[in-house]
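Peer 1: Provided below: target-v5.cif, containing mmCIF, C-alpha atoms, pLDDT in the B column; chains and numbers go by the auth columns.
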data_upload
loop_
_atom_site.group_PDB
_atom_site.id
_atom_site.type_symbol
_atom_site.label_atom_id
_atom_site.label_comp_id
_atom_site.label_asym_id
_atom_site.label_seq_id
_atom_site.Cartn_x
_atom_site.Cartn_y
_atom_site.Cartn_z
_atom_site.B_iso_or_equiv
_atom_site.auth_seq_id
_atom_site.auth_asym_id
ATOM 1 C CA MET A 1 -19.662 -72.981 -12.715 49.00 1261 N
ATOM 2 C CA SER A 2 -19.638 -70.662 -9.752 46.00 1262 N
ATOM 3 C CA THR A 3 -20.757 -71.360 -6.249 48.00 1263 N
ATOM 4 C CA SER A 4 -21.897 -68.928 -3.647 50.00 1264 N
ATOM 5 C CA ASN A 5 -21.237 -69.000 0.039 53.00 1265 N
ATOM 6 C CA THR A 6 -24.696 -68.868 1.577 56.00 1266 N
ATOM 7 C CA SER A 7 -23.652 -69.649 5.118 60.00 1267 N
ATOM 8 C CA THR A 8 -23.019 -66.668 7.328 59.00 1268 N
ATOM 9 C CA GLY A 9 -21.043 -68.344 10.091 68.00 1269 N
ATOM 10 C CA ASP A 10 -17.637 -68.130 8.439 88.00 1270 N
ATOM 11 C CA VAL A 11 -17.828 -64.477 7.328 90.00 1271 N
ATOM 12 C CA ASP A 12 -16.313 -61.705 9.398 94.00 1272 N
ATOM 13 C CA PRO A 13 -19.089 -59.709 11.145 94.00 1273 N
ATOM 14 C CA ALA A 14 -17.475 -56.523 9.855 96.00 1274 N
ATOM 15 C CA VAL A 15 -18.237 -57.717 6.317 97.00 1275 N
ATOM 16 C CA HIS A 16 -21.899 -58.163 7.230 96.00 1276 N
ATOM 17 C CA ASP A 17 -21.936 -54.697 8.771 97.00 1277 N
ATOM 18 C CA GLU A 18 -20.410 -53.190 5.625 98.00 1278 N
ATOM 19 C CA LEU A 19 -22.894 -55.062 3.402 97.00 1279 N
ATOM 20 C CA ALA A 20 -25.790 -53.785 5.524 97.00 1280 N
ATOM 21 C CA ARG A 21 -24.448 -50.212 5.349 98.00 1281 N
ATOM 22 C CA LEU A 22 -24.022 -50.360 1.577 98.00 1282 N
ATOM 23 C CA ARG A 23 -27.426 -51.977 1.092 98.00 1283 N
ATOM 24 C CA ASP A 24 -29.069 -49.271 3.212 98.00 1284 N
ATOM 25 C CA SER A 25 -27.503 -46.675 0.925 98.00 1285 N
ATOM 26 C CA ILE A 26 -28.690 -48.576 -2.158 98.00 1286 N
ATOM 27 C CA ASP A 27 -32.211 -48.728 -0.710 98.00 1287 N
ATOM 28 C CA ASN A 28 -32.143 -44.968 -0.091 98.00 1288 N
ATOM 29 C CA ILE A 29 -30.925 -44.306 -3.619 98.00 1289 N
ATOM 30 C CA ASP A 30 -33.642 -46.574 -5.061 98.00 1290 N
ATOM 31 C CA ALA A 31 -36.268 -44.639 -3.103 98.00 1291 N
ATOM 32 C CA ALA A 32 -34.864 -41.339 -4.376 98.00 1292 N
ATOM 33 C CA VAL A 33 -34.907 -42.627 -7.969 98.00 1293 N
ATOM 34 C CA VAL A 34 -38.566 -43.638 -7.626 98.00 1294 N
ATOM 35 C CA HIS A 35 -39.489 -40.239 -6.194 98.00 1295 N
ATOM 36 C CA MET A 36 -37.530 -38.409 -8.902 98.00 1296 N
ATOM 37 C CA LEU A 37 -39.257 -40.440 -11.620 97.00 1297 N
ATOM 38 C CA ALA A 38 -42.636 -39.678 -10.055 98.00 1298 N
ATOM 39 C CA GLU A 39 -41.853 -35.952 -10.153 98.00 1299 N
ATOM 40 C CA ARG A 40 -40.604 -36.232 -13.728 97.00 1300 N
ATOM 41 C CA PHE A 41 -43.815 -37.951 -14.808 97.00 1301 N
ATOM 42 C CA LYS A 42 -45.923 -35.285 -13.064 97.00 1302 N
ATOM 43 C CA CYS A 43 -44.188 -32.710 -15.259 97.00 1303 N
ATOM 44 C CA THR A 44 -44.478 -34.772 -18.430 97.00 1304 N
ATOM 45 C CA GLN A 45 -48.203 -35.273 -17.751 97.00 1305 N
ATOM 46 C CA GLN A 46 -48.564 -31.485 -17.747 97.00 1306 N
ATOM 47 C CA VAL A 47 -46.600 -31.333 -21.003 97.00 1307 N
ATOM 48 C CA GLY A 48 -48.955 -33.966 -22.440 96.00 1308 N
ATOM 49 C CA ARG A 49 -52.027 -31.943 -21.474 96.00 1309 N
ATOM 50 C CA LEU A 50 -50.521 -28.795 -22.984 96.00 1310 N
ATOM 51 C CA LYS A 51 -49.698 -30.649 -26.196 96.00 1311 N
ATOM 52 C CA ALA A 52 -53.199 -32.128 -26.374 95.00 1312 N
ATOM 53 C CA VAL A 53 -54.908 -28.758 -25.888 94.00 1313 N
ATOM 54 C CA HIS A 54 -52.767 -27.215 -28.637 95.00 1314 N
ATOM 55 C CA HIS A 55 -52.966 -30.257 -30.941 95.00 1315 N
ATOM 56 C CA LEU A 56 -49.234 -30.906 -30.839 96.00 1316 N
ATOM 57 C CA PRO A 57 -47.905 -34.410 -31.535 96.00 1317 N
ATOM 58 C CA PRO A 58 -47.163 -36.651 -28.541 95.00 1318 N
ATOM 59 C CA ALA A 59 -43.564 -37.231 -29.667 96.00 1319 N
ATOM 60 C CA ASP A 60 -40.890 -34.619 -30.351 96.00 1320 N
ATOM 61 C CA PRO A 61 -38.040 -36.480 -32.078 97.00 1321 N
ATOM 62 C CA ALA A 62 -35.751 -33.426 -32.199 97.00 1322 N
ATOM 63 C CA ARG A 63 -36.040 -32.856 -28.447 97.00 1323 N
ATOM 64 C CA GLU A 64 -35.625 -36.567 -27.776 97.00 1324 N
ATOM 65 C CA ALA A 65 -32.400 -36.621 -29.805 97.00 1325 N
ATOM 66 C CA ARG A 66 -31.084 -33.582 -27.889 98.00 1326 N
ATOM 67 C CA GLN A 67 -31.985 -35.188 -24.562 97.00 1327 N
ATOM 68 C CA ILE A 68 -30.288 -38.454 -25.495 97.00 1328 N
ATOM 69 C CA ALA A 69 -27.108 -36.635 -26.523 98.00 1329 N
ATOM 70 C CA ARG A 70 -27.224 -34.574 -23.319 98.00 1330 N
ATOM 71 C CA LEU A 71 -27.777 -37.625 -21.132 97.00 1331 N
ATOM 72 C CA ARG A 72 -24.994 -39.584 -22.834 98.00 1332 N
ATOM 73 C CA SER A 73 -22.623 -36.698 -22.128 98.00 1333 N
ATOM 74 C CA LEU A 74 -23.747 -36.515 -18.494 98.00 1334 N
ATOM 75 C CA ALA A 75 -23.294 -40.273 -18.182 98.00 1335 N
ATOM 76 C CA GLU A 76 -19.746 -40.081 -19.524 98.00 1336 N
ATOM 77 C CA SER A 77 -18.922 -37.321 -17.050 98.00 1337 N
ATOM 78 C CA ALA A 78 -20.384 -39.404 -14.227 98.00 1338 N
ATOM 79 C CA LYS A 79 -18.457 -42.537 -15.306 98.00 1339 N
ATOM 80 C CA LEU A 80 -21.725 -44.306 -16.194 98.00 1340 N
ATOM 81 C CA ASP A 81 -22.043 -46.340 -19.370 98.00 1341 N
ATOM 82 C CA PRO A 82 -23.602 -43.929 -21.908 98.00 1342 N
ATOM 83 C CA ALA A 83 -25.313 -46.823 -23.709 98.00 1343 N
ATOM 84 C CA PHE A 84 -27.044 -47.793 -20.465 98.00 1344 N
ATOM 85 C CA ALA A 85 -28.095 -44.179 -19.871 97.00 1345 N
ATOM 86 C CA GLU A 86 -29.494 -43.998 -23.401 98.00 1346 N
ATOM 87 C CA LYS A 87 -31.451 -47.231 -22.947 98.00 1347 N
ATOM 88 C CA LEU A 88 -32.910 -45.920 -19.713 97.00 1348 N
ATOM 89 C CA LEU A 89 -33.903 -42.602 -21.276 97.00 1349 N
ATOM 90 C CA ASN A 90 -35.415 -44.350 -24.305 97.00 1350 N
ATOM 91 C CA PHE A 91 -37.515 -46.470 -21.942 97.00 1351 N
ATOM 92 C CA ILE A 92 -38.691 -43.346 -20.111 97.00 1352 N
ATOM 93 C CA ILE A 93 -39.387 -41.484 -23.365 97.00 1353 N
ATOM 94 C CA ALA A 94 -41.473 -44.379 -24.679 97.00 1354 N
ATOM 95 C CA GLU A 95 -43.569 -44.294 -21.500 97.00 1355 N
ATOM 96 C CA VAL A 96 -43.978 -40.518 -21.733 97.00 1356 N
ATOM 97 C CA ILE A 97 -45.126 -40.769 -25.361 97.00 1357 N
ATOM 98 C CA ARG A 98 -47.603 -43.471 -24.372 96.00 1358 N
ATOM 99 C CA HIS A 99 -48.979 -41.152 -21.670 96.00 1359 N
ATOM 100 C CA HIS A 100 -49.172 -38.246 -24.127 96.00 1360 N
ATOM 101 C CA GLU A 101 -51.085 -40.393 -26.610 96.00 1361 N
ATOM 102 C CA ARG A 102 -53.587 -41.383 -23.922 95.00 1362 N
ATOM 103 C CA ILE A 103 -53.977 -37.770 -22.839 95.00 1363 N
ATOM 104 C CA ALA A 104 -54.504 -36.678 -26.461 93.00 1364 N
ATOM 105 C CA GLU A 105 -57.125 -39.397 -26.969 92.00 1365 N
ATOM 106 C CA GLY A 106 -58.937 -38.172 -23.874 89.00 1366 N
ATOM 107 C CA ALA A 107 -58.761 -34.566 -25.036 76.00 1367 N
ATOM 108 C CA VAL A 108 -60.300 -35.505 -28.392 68.00 1368 N
ATOM 109 C CA LYS A 109 -63.139 -37.340 -26.651 69.00 1369 N
ATOM 110 C CA ASP A 110 -63.793 -34.358 -24.346 62.00 1370 N
ATOM 111 C CA GLN A 111 -64.033 -31.787 -27.155 60.00 1371 N
ATOM 112 C CA PRO A 112 -67.478 -30.663 -28.266 55.00 1372 N
ATOM 113 C CA PRO A 113 -68.508 -31.635 -31.806 49.00 1373 N
ATOM 114 C CA VAL A 114 -67.554 -29.149 -34.499 46.00 1374 N
ATOM 115 C CA ALA A 115 -70.561 -27.336 -35.913 53.00 1375 N
ATOM 116 C CA GLY A 116 -70.678 -27.578 -39.642 50.00 1376 N
#
Please, can you express the file's structure as structure tokens?
Peer 2:
Amino acid sequence: MSTSNTSTGDVDPAVHDELARLRDSIDNIDAAVVHMLAERFKCTQQVGRLKAVHHLPPADPAREARQIARLRSLAESAKLDPAFAEKLLNFIIAEVIRHHERIAEGAVKDQPPVAG
């Protein structure tokens, strides 16, 4: 069983300063990640609209496999666990596919009936 030291009186103030500095950097990185994901999803929404207009499937398993392999390689180079990177990308891909399916459903509803 582990215990944590929750009192701050017996910790060197320099440690608190270093923690605050590191946490500020983490907060900045988190903000950048959120903004990068927002930009990524703006692009994938455009891809979803293009796919819907041209009746392409929401998922592209071949591209997904290439992206996973690419991201795993990048993760290894960056000293990040490739399995973690793959899980993250799979989560993002699943969300993108969900968006593409919704866009495609909307495109089908917006199309005029076929004359027959």
Peer 1: Using only C-alpha atoms, which residue out of N:His1359, N:Gly1366, N:Ala1343, N:Ala1335 lies closest to N:Gln1306?
Peer 2: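 The closest residue to N:Gln1306 is N:His1359.
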Peer 1: Just to confirm, what's the straight-line distance from atom CA of N:Thr1304 to atom CA of N:Asn1350 in Å (one decimal)?
Peer 2: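 Atom CA of N:Asn1350 lies at a distance of 14.4 Å from atom CA of N:Thr1304.
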Peer 1: Given the choices N:Leu1310, N:Arg1362, N:Pro1318, N:Leu1297, which gets closest to N:Leu1348 if the distance is worked out from all atoms listed in the file?
Peer 2: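 Counting all atoms listed in the file, the residue closest to N:Leu1348 is N:Leu1297.
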Peer 1: Taking only C-alpha atoms into account, name the residue in N:Asp1341, N:Glu1299, N:Glu1346, N:Asp1290 that is nearest to N:Ala1325.
Peer 2: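 Selected residue with least distance to N:Ala1325: N:Glu1346.
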Peer 1: Take the PyMOL selection byres ((chain N and resi 1360) around 9), apply it to the structure above, and return the hits as a JSON list (two decimals) with C-alpha atoms, in the coordinates of the input.
Peer 2:
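This is the output file expr38.json:
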[["chain", "number", "residue", "atom", "x", "y", "z"],
["N", 1304, "THR", "CA", -44.48, -34.77, -18.43],
["N", 1305, "GLN", "CA", -48.20, -35.27, -17.75],
["N", 1307, "VAL", "CA", -46.60, -31.33, -21.00],
["N", 1308, "GLY", "CA", -48.96, -33.97, -22.44],
["N", 1309, "ARG", "CA", -52.03, -31.94, -21.47],
["N", 1311, "LYS", "CA", -49.70, -30.65, -26.20],
["N", 1312, "ALA", "CA", -53.20, -32.13, -26.37],
["N", 1317, "PRO", "CA", -47.90, -34.41, -31.54],
["N", 1318, "PRO", "CA", -47.16, -36.65, -28.54],
["N", 1319, "ALA", "CA", -43.56, -37.23, -29.67],
["N", 1355, "GLU", "CA", -43.57, -44.29, -21.50],
["N", 1356, "VAL", "CA", -43.98, -40.52, -21.73],
["N", 1357, "ILE", "CA", -45.13, -40.77, -25.36],
["N", 1358, "ARG", "CA", -47.60, -43.47, -24.37],
["N", 1359, "HIS", "CA", -48.98, -41.15, -21.67],
["N", 1361, "GLU", "CA", -51.08, -40.39, -26.61],
["N", 1362, "ARG", "CA", -53.59, -41.38, -23.92],
["N", 1363, "ILE", "CA", -53.98, -37.77, -22.84],
["N", 1364, "ALA", "CA", -54.50, -36.68, -26.46],
["N", 1365, "GLU", "CA", -57.12, -39.40, -26.97]]
Peer 1: Taking all atoms of stretch 1272-1282 of chain N that appear in the file, build a box with edges along x, y and z, extend it by 8 Å on every side, and state its centre and edge lengths in Å to one decimal, as AutoDock Vina command-line options.
Peer 2:
--center_x -21.1 --center_y -56.0 --center_z 6.4 --size_x 25.5 --size_y 27.5 --size_z 25.6
Peer 1: Between N:Lys1347, N:Lys1339, N:Arg1332, N:His1315, which one has atoms that come closest to N:Ala1367, using all atoms listed in the file?
Peer 2: N:His1315
Peer 1: For N:Ala1329, which residue among N:Ala1354, N:His1276, N:Leu1349, N:Arg1300 is the nearest when counting all atoms listed in the file?
Peer 2: N:Leu1349
Peer 1: If you measure from atom CA of N:Leu1331 to atom CA of N:Phe1351, what distance in Å do you get, rounded to one decimal?
Peer 2: 13.2 Å
Peer 1: For the atom pair atom CA of N:Asn1288 and atom CA of N:Leu1334, what is the interatomic distance in Å to one decimal place?
Peer 2: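 So the answer is 21.9 Å.
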Peer 1: Return the single residue from N:Leu1282, N:Ala1345, N:Ile1289, N:Phe1301 that is closest to N:Gln1327, with distances computed using all atoms listed in the file.
Peer 2: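 Selected residue with least distance to N:Gln1327: N:Ala1345.
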